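Containing mmCIF, C-alpha atoms (C1' of nucleotides): query22.cif.
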```
data_upload
loop_
_atom_site.label_atom_id
_atom_site.label_comp_id
_atom_site.auth_asym_id
_atom_site.auth_seq_id
_atom_site.Cartn_x
_atom_site.Cartn_y
_atom_site.Cartn_z
CA MET A 1 4.92 27.02 18.93
CA ASP A 2 5.36 24.17 16.56
CA ASN A 3 9.07 23.90 16.34
CA LEU A 4 10.98 21.41 18.42
CA LYS A 5 14.01 23.65 18.42
CA ASP A 6 12.14 26.22 20.48
CA ILE A 7 10.31 23.68 22.56
CA LEU A 8 13.51 22.04 23.72
CA ASN A 9 15.48 25.28 24.05
CA PHE A 10 18.02 24.10 21.59
CA ASP A 11 19.98 27.30 21.40
CA SER A 12 21.48 26.79 24.82
CA ASN A 13 23.17 23.45 24.42
CA ALA A 14 23.24 22.93 20.69
CA LYS A 15 26.31 22.32 18.56
CA PRO A 16 25.41 22.56 14.86
CA THR A 17 27.31 20.27 12.54
CA SER A 18 27.90 20.75 8.83
CA PHE A 19 27.56 17.85 6.41
CA LYS A 20 28.31 17.76 2.74
CA LYS A 21 25.78 16.62 0.18
CA GLY A 22 25.86 12.86 -0.05
CA THR A 23 27.15 12.24 3.45
CA ILE A 24 25.52 9.29 5.16
CA ILE A 25 24.78 10.37 8.72
CA GLN A 26 23.24 7.15 9.94
CA ARG A 27 23.44 3.58 8.66
CA ALA A 28 21.06 0.69 9.13
CA GLY A 29 22.25 -1.72 11.78
CA GLU A 30 23.52 0.90 14.18
CA ILE A 31 22.04 1.25 17.63
CA THR A 32 21.46 4.90 18.40
CA SER A 33 19.07 7.27 20.09
CA LEU A 34 20.14 10.30 18.12
CA ALA A 35 17.81 12.59 16.25
CA TYR A 36 18.65 15.29 13.73
CA TYR A 37 17.15 18.74 13.55
CA VAL A 38 17.64 20.36 10.15
CA LYS A 39 18.78 23.94 10.56
CA LYS A 40 19.59 24.28 6.89
CA GLY A 41 19.60 21.88 3.99
CA LEU A 42 17.74 18.67 3.23
CA LEU A 43 17.97 15.15 4.60
CA ARG A 44 16.21 11.92 3.82
CA SER A 45 15.71 8.64 5.65
CA TYR A 46 15.32 5.39 3.77
CA THR A 47 15.53 1.61 3.98
CA ILE A 48 17.29 -0.77 1.64
CA ASP A 49 15.44 -4.03 1.10
CA ASP A 50 16.76 -7.55 0.40
CA LYS A 51 16.99 -6.79 -3.29
CA GLY A 52 19.08 -3.69 -2.68
CA LYS A 53 16.24 -1.35 -3.48
CA GLU A 54 15.90 1.97 -1.65
CA HIS A 55 12.60 3.11 -0.11
CA VAL A 56 12.47 6.71 1.06
CA PHE A 57 10.60 7.00 4.32
CA MET A 58 10.69 10.77 4.62
CA PHE A 59 12.38 14.00 3.59
CA ALA A 60 13.34 16.63 6.15
CA SER A 61 13.97 20.21 5.15
CA GLU A 62 14.53 23.27 7.36
CA GLY A 63 12.78 23.00 10.72
CA TRP A 64 12.12 19.27 10.58
CA ILE A 65 13.47 16.50 12.73
CA ILE A 66 14.47 13.15 11.40
CA ALA A 67 15.22 9.95 13.30
CA ASP A 68 14.28 6.30 13.41
CA LEU A 69 11.70 6.47 16.16
CA GLU A 70 10.59 2.94 15.49
CA SER A 71 13.90 1.24 16.24
CA GLN A 72 14.69 3.61 19.06
CA GLU A 73 11.39 3.07 20.77
CA PHE A 74 11.87 -0.69 20.78
CA ASN A 75 15.63 -0.58 21.36
CA ARG A 76 16.48 -2.32 18.16
CA PRO A 77 19.17 -1.56 15.58
CA THR A 78 18.14 1.07 13.06
CA GLU A 79 16.59 0.04 9.78
CA LEU A 80 16.84 3.53 8.36
CA PHE A 81 19.71 5.16 6.57
CA ILE A 82 19.85 8.94 6.79
CA ASP A 83 21.83 11.02 4.33
CA CYS A 84 22.17 14.56 3.00
CA ILE A 85 20.54 15.52 -0.27
CA GLU A 86 22.06 18.99 0.04
CA ASN A 87 24.91 20.46 2.07
CA SER A 88 23.27 20.75 5.48
CA GLU A 89 23.64 22.19 8.94
CA ILE A 90 22.29 19.83 11.54
CA LEU A 91 21.64 19.99 15.25
CA ILE A 92 22.24 16.55 16.67
CA PHE A 93 20.59 15.63 19.94
CA ASP A 94 20.01 12.54 21.98
CA ARG A 95 16.35 11.68 22.33
CA LYS A 96 17.07 10.01 25.66
CA SER A 97 18.29 13.27 27.12
CA VAL A 98 14.95 14.95 26.48
CA VAL A 99 13.72 13.28 29.64
CA ASN A 100 16.41 15.04 31.65
CA LEU A 101 15.79 18.50 30.26
CA ASN A 102 13.30 19.29 33.00
CA LEU A 103 10.82 20.63 30.54
CA SER A 104 7.83 22.58 31.71
CA ASN A 105 4.37 21.16 31.33
CA GLU A 106 3.72 23.59 28.58
CA GLN A 107 6.80 22.49 26.70
CA LEU A 108 5.78 18.88 27.06
CA LEU A 109 2.30 19.61 25.78
CA ASP A 110 3.86 21.37 22.81
CA TYR A 111 6.13 18.43 22.19
CA ASN A 112 3.06 16.28 22.41
CA ARG A 113 1.33 18.25 19.75
CA LEU A 114 4.37 17.91 17.56
CA LEU A 115 4.25 14.14 17.87
CA THR A 116 0.53 14.15 17.21
CA ARG A 117 1.10 16.13 14.07
CA ARG A 118 3.61 13.59 12.89
CA ILE A 119 1.04 10.85 13.47
CA ALA A 120 -1.41 12.86 11.43
CA VAL A 121 0.99 13.05 8.51
CA LEU A 122 1.69 9.34 8.68
CA GLN A 123 -2.03 8.57 8.85
CA LYS A 124 -2.51 10.51 5.65
CA ARG A 125 0.38 8.71 4.03
CA VAL A 126 -0.90 5.26 4.95
CA ILE A 127 -4.35 6.01 3.58
CA MET A 128 -2.80 7.38 0.39
CA LEU A 129 -0.64 4.32 -0.09
CA MET A 130 -3.63 2.04 0.39
CA SER A 131 -6.23 3.80 -1.64
CA ALA A 132 -4.68 6.05 -4.28
CA SER A 133 -3.14 5.27 -7.65
CA ALA A 134 0.46 6.21 -8.37
CA GLN A 135 -0.86 9.14 -10.37
CA ASN A 136 -2.87 10.51 -7.43
CA ARG A 137 -0.09 9.89 -4.96
CA TYR A 138 2.19 12.03 -7.07
CA ASN A 139 -0.31 14.86 -7.33
CA PHE A 140 -0.86 14.70 -3.60
CA PHE A 141 2.86 14.85 -2.97
CA LEU A 142 3.21 17.95 -5.12
CA GLU A 143 0.47 19.71 -3.17
CA MET A 144 1.69 18.62 0.24
CA TYR A 145 5.38 19.40 -0.27
CA PRO A 146 5.60 22.09 -2.96
CA ASP A 147 9.20 22.98 -2.13
CA ILE A 148 10.64 19.47 -2.07
CA PRO A 149 10.22 18.36 -5.73
CA ASN A 150 12.62 21.00 -7.02
CA ARG A 151 15.31 20.05 -4.57
CA VAL A 152 15.10 16.28 -4.89
CA PRO A 153 16.01 13.94 -7.78
CA GLN A 154 13.09 12.18 -9.47
CA ARG A 155 14.19 8.72 -8.46
CA MET A 156 13.92 9.67 -4.77
CA ILE A 157 10.45 11.05 -5.27
CA ALA A 158 9.51 7.83 -7.01
CA SER A 159 10.95 5.91 -4.11
CA TYR A 160 8.95 8.01 -1.63
CA LEU A 161 5.78 7.30 -3.58
CA GLY A 162 6.48 3.59 -3.66
CA ILE A 163 6.92 3.35 -7.43
CA THR A 164 9.85 2.98 -9.85
CA PRO A 165 11.55 5.97 -11.48
CA GLN A 166 10.29 4.67 -14.83
CA ALA A 167 6.68 4.72 -13.66
CA LEU A 168 7.09 8.26 -12.34
CA SER A 169 8.61 9.34 -15.62
CA THR A 170 5.59 7.98 -17.47
CA ILE A 171 3.20 9.75 -15.13
CA ARG A 172 5.00 13.04 -15.62
CA ALA A 173 4.95 12.59 -19.38
CA LYS A 174 1.17 12.06 -19.24
CA ILE A 175 0.70 15.25 -17.23
CA VAL A 176 2.70 17.28 -19.75
CA LYS A 177 0.75 15.73 -22.60
CA LYS A 178 -2.53 16.63 -20.92
CA TYR A 179 -1.61 20.30 -20.67
CA SER A 180 -0.34 20.57 -24.24
CA SER A 181 -3.41 19.01 -25.82
CA MET B 1 3.19 2.44 32.27
CA ASP B 2 2.15 2.18 28.67
CA ASN B 3 -1.58 2.46 28.97
CA LEU B 4 -3.33 5.75 28.38
CA LYS B 5 -6.08 4.77 30.75
CA ASP B 6 -3.64 4.83 33.64
CA ILE B 7 -1.72 7.81 32.37
CA LEU B 8 -4.78 9.99 32.22
CA ASN B 9 -6.38 8.65 35.41
CA PHE B 10 -9.39 7.46 33.56
CA ASP B 11 -11.00 5.61 36.41
CA SER B 12 -11.95 8.80 38.14
CA ASN B 13 -14.06 10.52 35.51
CA ALA B 14 -14.85 7.77 33.07
CA LYS B 15 -18.29 6.66 31.93
CA PRO B 16 -18.00 3.43 29.92
CA THR B 17 -20.49 2.98 27.10
CA SER B 18 -21.66 -0.27 25.57
CA PHE B 19 -22.01 -0.65 21.84
CA LYS B 20 -23.38 -3.56 19.88
CA LYS B 21 -21.44 -5.22 17.11
CA GLY B 22 -21.90 -3.29 13.90
CA THR B 23 -22.65 0.04 15.54
CA ILE B 24 -21.06 2.97 13.77
CA ILE B 25 -19.61 5.22 16.45
CA GLN B 26 -18.21 7.91 14.21
CA ARG B 27 -18.96 8.89 10.63
CA ALA B 28 -16.81 10.68 8.09
CA GLY B 29 -17.75 14.34 7.78
CA GLU B 30 -18.35 14.94 11.46
CA ILE B 31 -16.26 17.44 13.36
CA THR B 32 -15.22 15.99 16.67
CA SER B 33 -12.35 15.84 19.12
CA LEU B 34 -13.47 12.61 20.73
CA ALA B 35 -11.27 9.56 21.17
CA TYR B 36 -12.28 6.04 22.15
CA TYR B 37 -10.51 3.80 24.61
CA VAL B 38 -11.41 0.15 24.16
CA LYS B 39 -12.10 -1.44 27.52
CA LYS B 40 -13.50 -4.58 25.95
CA GLY B 41 -14.22 -5.59 22.40
CA LEU B 42 -12.84 -4.59 19.04
CA LEU B 43 -13.17 -1.44 16.94
CA ARG B 44 -11.88 -0.42 13.56
CA SER B 45 -11.40 2.87 11.77
CA TYR B 46 -11.66 3.13 8.01
CA THR B 47 -12.18 5.46 5.08
CA ILE B 48 -14.52 5.04 2.16
CA ASP B 49 -13.13 6.27 -1.14
CA ASP B 50 -14.87 7.82 -4.15
CA LYS B 51 -15.65 4.38 -5.53
CA GLY B 52 -17.30 3.31 -2.29
CA LYS B 53 -14.43 1.06 -1.32
CA GLU B 54 -13.48 0.67 2.34
CA HIS B 55 -9.88 1.01 3.54
CA VAL B 56 -9.21 -0.09 7.11
CA PHE B 57 -6.80 2.28 8.80
CA MET B 58 -6.47 0.39 12.07
CA PHE B 59 -7.96 -2.12 14.47
CA ALA B 60 -8.23 -1.41 18.17
CA SER B 61 -8.66 -4.20 20.68
CA GLU B 62 -8.55 -4.06 24.49
CA GLY B 63 -6.29 -1.30 25.79
CA TRP B 64 -6.03 0.62 22.53
CA ILE B 65 -7.24 4.07 21.68
CA ILE B 66 -8.78 4.96 18.39
CA ALA B 67 -9.49 8.40 16.94
CA ASP B 68 -8.90 10.46 13.84
CA LEU B 69 -5.87 12.40 15.02
CA GLU B 70 -5.24 13.74 11.57
CA SER B 71 -8.52 15.58 11.18
CA GLN B 72 -8.60 16.65 14.81
CA GLU B 73 -5.12 18.08 14.69
CA PHE B 74 -5.94 20.23 11.70
CA ASN B 75 -9.52 20.99 12.74
CA ARG B 76 -11.07 19.39 9.73
CA PRO B 77 -14.07 17.09 9.42
CA THR B 78 -13.25 13.45 10.04
CA GLU B 79 -12.38 11.21 7.13
CA LEU B 80 -12.55 8.09 9.27
CA PHE B 81 -15.51 5.96 10.14
CA ILE B 82 -15.25 4.02 13.38
CA ASP B 83 -17.40 0.99 14.09
CA CYS B 84 -17.61 -2.06 16.31
CA ILE B 85 -16.47 -5.43 15.04
CA GLU B 86 -17.59 -7.00 18.33
CA ASN B 87 -19.88 -5.89 21.12
CA SER B 88 -17.67 -3.42 22.92
CA GLU B 89 -17.31 -1.35 26.06
CA ILE B 90 -15.78 2.00 25.31
CA LEU B 91 -14.50 4.90 27.34
CA ILE B 92 -15.17 8.05 25.41
CA PHE B 93 -13.08 11.12 26.14
CA ASP B 94 -12.44 14.48 24.64
CA ARG B 95 -8.88 14.92 23.47
CA LYS B 96 -9.14 18.65 24.05
CA SER B 97 -9.75 18.13 27.74
CA VAL B 98 -6.44 16.34 28.16
CA VAL B 99 -4.80 19.75 28.31
CA ASN B 100 -6.93 20.66 31.31
CA LEU B 101 -6.22 17.51 33.29
CA ASN B 102 -3.21 19.12 34.97
CA LEU B 103 -1.09 16.12 34.30
CA SER B 104 2.24 15.70 36.01
CA ASN B 105 5.45 15.85 34.02
CA GLU B 106 5.83 12.14 34.39
CA GLN B 107 2.37 11.53 33.01
CA LEU B 108 3.10 13.78 30.07
CA LEU B 109 6.35 11.98 29.36
CA ASP B 110 4.46 8.70 29.45
CA TYR B 111 1.84 10.07 27.12
CA ASN B 112 4.67 11.17 24.93
CA ARG B 113 6.08 7.69 24.78
CA LEU B 114 2.67 6.38 23.86
CA LEU B 115 2.49 8.77 20.93
CA THR B 116 6.02 7.87 19.90
CA ARG B 117 5.08 4.22 19.90
CA ARG B 118 2.17 4.94 17.63
CA ILE B 119 4.53 6.73 15.26
CA ALA B 120 6.76 3.66 15.34
CA VAL B 121 3.89 1.41 14.31
CA LEU B 122 2.90 3.73 11.50
CA GLN B 123 6.49 3.97 10.29
CA LYS B 124 6.60 0.19 10.03
CA ARG B 125 3.30 0.17 8.19
CA VAL B 126 4.39 2.77 5.65
CA ILE B 127 7.60 0.92 4.88
CA MET B 128 5.65 -2.34 4.54
CA LEU B 129 3.14 -0.79 2.17
CA MET B 130 5.91 0.65 0.03
CA SER B 131 8.27 -2.26 -0.14
CA ALA B 132 6.58 -5.56 0.63
CA SER B 133 4.44 -7.84 -1.55
CA ALA B 134 0.89 -8.65 -0.52
CA GLN B 135 2.17 -12.05 0.59
CA ASN B 136 4.77 -10.53 2.93
CA ARG B 137 2.40 -7.91 4.24
CA TYR B 138 0.01 -10.66 5.27
CA ASN B 139 2.70 -12.69 7.02
CA PHE B 140 3.85 -9.59 8.80
CA PHE B 141 0.33 -8.81 9.92
CA LEU B 142 -0.09 -12.31 11.38
CA GLU B 143 3.11 -11.93 13.37
CA MET B 144 2.39 -8.40 14.54
CA TYR B 145 -1.23 -8.93 15.56
CA PRO B 146 -1.66 -12.66 16.35
CA ASP B 147 -4.95 -12.15 18.16
CA ILE B 148 -6.68 -10.00 15.57
CA PRO B 149 -7.01 -12.41 12.59
CA ASN B 150 -9.34 -14.76 14.46
CA ARG B 151 -11.64 -11.97 15.47
CA VAL B 152 -11.87 -10.15 12.16
CA PRO B 153 -13.46 -11.10 8.81
CA GLN B 154 -11.01 -11.76 5.96
CA ARG B 155 -12.28 -8.89 3.88
CA MET B 156 -11.31 -6.42 6.60
CA ILE B 157 -7.84 -7.89 6.86
CA ALA B 158 -7.53 -7.61 3.09
CA SER B 159 -8.65 -4.02 3.36
CA TYR B 160 -6.06 -3.33 6.07
CA LEU B 161 -3.34 -4.81 3.87
CA GLY B 162 -4.44 -2.75 0.90
CA ILE B 163 -5.49 -5.69 -1.29
CA THR B 164 -8.78 -7.24 -2.42
CA PRO B 165 -10.45 -10.11 -0.54
CA GLN B 166 -9.86 -12.27 -3.63
CA ALA B 167 -6.13 -11.65 -3.53
CA LEU B 168 -6.00 -12.47 0.17
CA SER B 169 -7.96 -15.65 -0.42
CA THR B 170 -5.43 -16.72 -3.05
CA ILE B 171 -2.54 -15.99 -0.71
CA ARG B 172 -4.13 -18.07 2.04
CA ALA B 173 -4.73 -20.93 -0.36
CA LYS B 174 -1.05 -20.88 -1.32
CA ILE B 175 0.01 -21.03 2.32
CA VAL B 176 -2.23 -24.02 2.98
CA LYS B 177 -0.90 -25.74 -0.13
CA LYS B 178 2.66 -25.16 0.99
CA TYR B 179 2.07 -26.87 4.33
CA SER B 180 0.22 -29.84 2.86
CA SER B 181 2.86 -30.63 0.24
"C1'" DC C 1 35.91 16.42 -23.55
"C1'" DG C 2 34.77 12.00 -22.05
"C1'" DA C 3 32.67 8.91 -18.46
"C1'" DG C 4 29.01 8.16 -15.63
"C1'" DC C 5 24.78 9.10 -13.70
"C1'" DG C 6 20.00 10.20 -14.15
"C1'" DC C 7 15.92 10.66 -16.88
"C1'" DT C 8 13.16 8.96 -20.59
"C1'" DT C 9 10.95 5.64 -23.74
"C1'" DG C 10 9.43 1.23 -25.39
"C1'" DA C 11 8.58 -3.95 -25.04
"C1'" DT C 12 7.60 -7.61 -22.10
"C1'" DT C 13 6.22 -9.70 -17.83
"C1'" DG C 14 3.75 -10.34 -13.59
"C1'" DA C 15 1.24 -9.36 -9.33
"C1'" DG C 16 -2.97 -8.03 -8.17
"C1'" DT C 17 -7.72 -6.21 -9.84
"C1'" DT C 18 -12.09 -6.82 -11.74
"C1'" DC C 19 -15.96 -9.45 -13.03
"C1'" DA C 20 -18.69 -13.44 -12.38
"C1'" DA C 21 -20.42 -17.39 -10.13
"C1'" DA C 22 -20.20 -21.30 -6.97
"C1'" DA C 23 -19.30 -22.92 -2.21
"C1'" DA C 24 -19.11 -22.06 2.61
"C1'" DT C 25 -20.44 -19.66 6.68
"C1'" DC C 26 -23.21 -16.76 9.53
"C1'" DG C 27 -27.25 -15.05 11.74
"C1'" DT C 28 -31.91 -14.82 12.62
"C1'" DG C 29 -36.61 -16.15 13.22
"C1'" DG C 30 -39.60 -19.78 13.67
"C1'" DC D 1 -32.04 -26.28 17.28
"C1'" DC D 2 -32.95 -26.19 12.58
"C1'" DA D 3 -33.69 -23.95 8.10
"C1'" DC D 4 -33.37 -20.43 5.08
"C1'" DG D 5 -31.68 -16.08 3.27
"C1'" DA D 6 -27.84 -13.09 3.35
"C1'" DT D 7 -23.23 -12.32 3.61
"C1'" DT D 8 -18.50 -13.90 3.15
"C1'" DT D 9 -15.04 -16.66 1.10
"C1'" DT D 10 -13.28 -19.13 -2.66
"C1'" DT D 11 -12.25 -20.11 -7.48
"C1'" DG D 12 -11.41 -19.02 -12.24
"C1'" DA D 13 -10.83 -16.03 -16.46
"C1'" DA D 14 -9.73 -11.74 -18.52
"C1'" DC D 15 -7.58 -7.55 -17.88
"C1'" DT D 16 -4.61 -3.53 -16.05
"C1'" DC D 17 -1.27 -0.97 -13.89
"C1'" DA D 18 3.11 -0.82 -12.60
"C1'" DA D 19 7.64 -3.62 -12.47
"C1'" DT D 20 11.31 -5.29 -14.98
"C1'" DC D 21 14.44 -5.43 -18.76
"C1'" DA D 22 16.89 -2.92 -22.15
"C1'" DA D 23 18.52 0.87 -24.85
"C1'" DG D 24 19.27 5.83 -25.93
"C1'" DC D 25 19.73 10.64 -24.71
"C1'" DG D 26 21.47 14.61 -22.12
"C1'" DC D 27 23.89 16.76 -18.29
"C1'" DT D 28 27.25 17.33 -15.03
"C1'" DC D 29 31.47 17.26 -13.15
"C1'" DG D 30 35.92 15.60 -12.95
#
```
As a first step, turn the structure in this file into structure tokens.
Amino acid sequence: MDNLKDILNFDSNAKPTSFKKGTIIQRAGEITSLAYYVKKGLLRSYTIDDKGKEHVFMFASEGWIIADLESQEFNRPTELFIDCIENSEILIFDRKSVVNLNLSNEQLLDYNRLLTRRIAVLQKRVIMLMSASAQNRYNFFLEMYPDIPNRVPQRMIASYLGITPQALSTIRAKIVKKYSS
Amino acid sequence: MDNLKDILNFDSNAKPTSFKKGTIIQRAGEITSLAYYVKKGLLRSYTIDDKGKEHVFMFASEGWIIADLESQEFNRPTELFIDCIENSEILIFDRKSVVNLNLSNEQLLDYNRLLTRRIAVLQKRVIMLMSASAQNRYNFFLEMYPDIPNRVPQRMIASYLGITPQALSTIRAKIVKKYSS
DNA sequence: CGAGCGCTTGATTGAGTTCAAAAATCGTGG
DNA sequence: CCACGATTTTTGAACTCAATCAAGCGCTCG
């Protein structure tokens, strides 16, 4: 069991919402404890810095949950925008209410493992960002999320990798060149 | 309650171990499910890349836990070294045994919050690494961990920030200059 | 079919790396 | 407690990767 939907018995009390591509579900500055389970479609969370530049924090396709745990945990306004890259069907739930769900120990342990797994992914990401070149980060991304690249515009991938769209374009050109030589 | 020691009732079955400064507690390549609770002292975890360069993943002072959740979660050999920056007293425990502790729901929810908080910290770190200059990352680090800088060599801080010791040295020089002008 | 957005390509700039060497600090044994 | 060797930090010069600036191409969708 590695799916929060099952762990939290979503079916019972869930009301799926449809969003059109491009819809902004959450804006920086809001105070919220909501989280979004992606039933169908593709979301992303991202910050916008002082210079107006976007930085993609994560993508969430089918089966993933997306939320700003950081702000929620410390009761601060969100720093993350969340929007739809595709038309999506989303289960919205309040993270605060999880406490009141009277979950079994087993469910909690499962939820635990889910959180641990998220930590694992972030650990990997941090180490990548610190130690790998843009080139390697891109290759790693392709391996780790094979389905995402086809569904997401280049500039968002660049943003996820922490580089500019131009740099990514150059990297991709080099890869093509390598294979044709 | 935001301390794993209390959450897991450590006092009962804990056997604290003393390590001297410089001791390497865990080496990359090992398969282990151990985690280390810092009772006293200061640990760090880090990777060593192909070029032999160290990258500090995190520091752990009193009250923190350190482990390679990523490798453990996916049952792979560790990629993280862990060693002692100061003489330290450590409670070693097996993460696998946590399941068998028969924890109460409340304890599990607390443990959950602890994990969530870790995710929050990592989220912040990822966004910093992607969007902030070396200068800003350093300032942020000083604010976030005021006690750590005095206890840790510059080169390790540089490594944590993802820059070279030389770059950090230059940044520090600029800060001093700013205050003296 | 035209306007706008996104991707590419090239030229220039800049933050941070690398290489090298001097200065400062640390740690250890006498 | 001092002295000496080793390690760490600083400083400077040359270089590199990716950012920025700018312009052109191609698609999409209105």
| said: Taking only C-alpha atoms into account, find every residue of chain B that has an atom no more than 6 Å from chain A, and write it out as number ranges by chain. | reply: B: 69-70, 112, 119-120, 126, 130, 162
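Applied to the file shown here, the PyMOL selection byres ((chain D) within 10 of (chain B)) selects the residues DT8, DT9, DT10 and DT11 of chain D.
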| said: List the spatial neighbours of region 19-34 of chain A as a count of residues only - criterion: any atom at most 10 Å away, all atoms listed in the file, same-chain residues fewer than 5 positions off excluded. | reply: 37
| note | Judged by only C-alpha atoms (C1' of nucleotides), the minimum distance to chain B among C:DG16, C:DG10, C:DG30, C:DG2 is found for C:DG16
| message | On this structure, the PyMOL selection byres ((chain C) within 10 of (chain A)) would catch which residues? List them as a PyMOL selection string, sorted by chain and number. | response | chain C and resi 6-9
| Just how far from CA of Thr164 (chain B) is C1' of DC15 (chain D), in Å to one decimal? | 15.5 Å
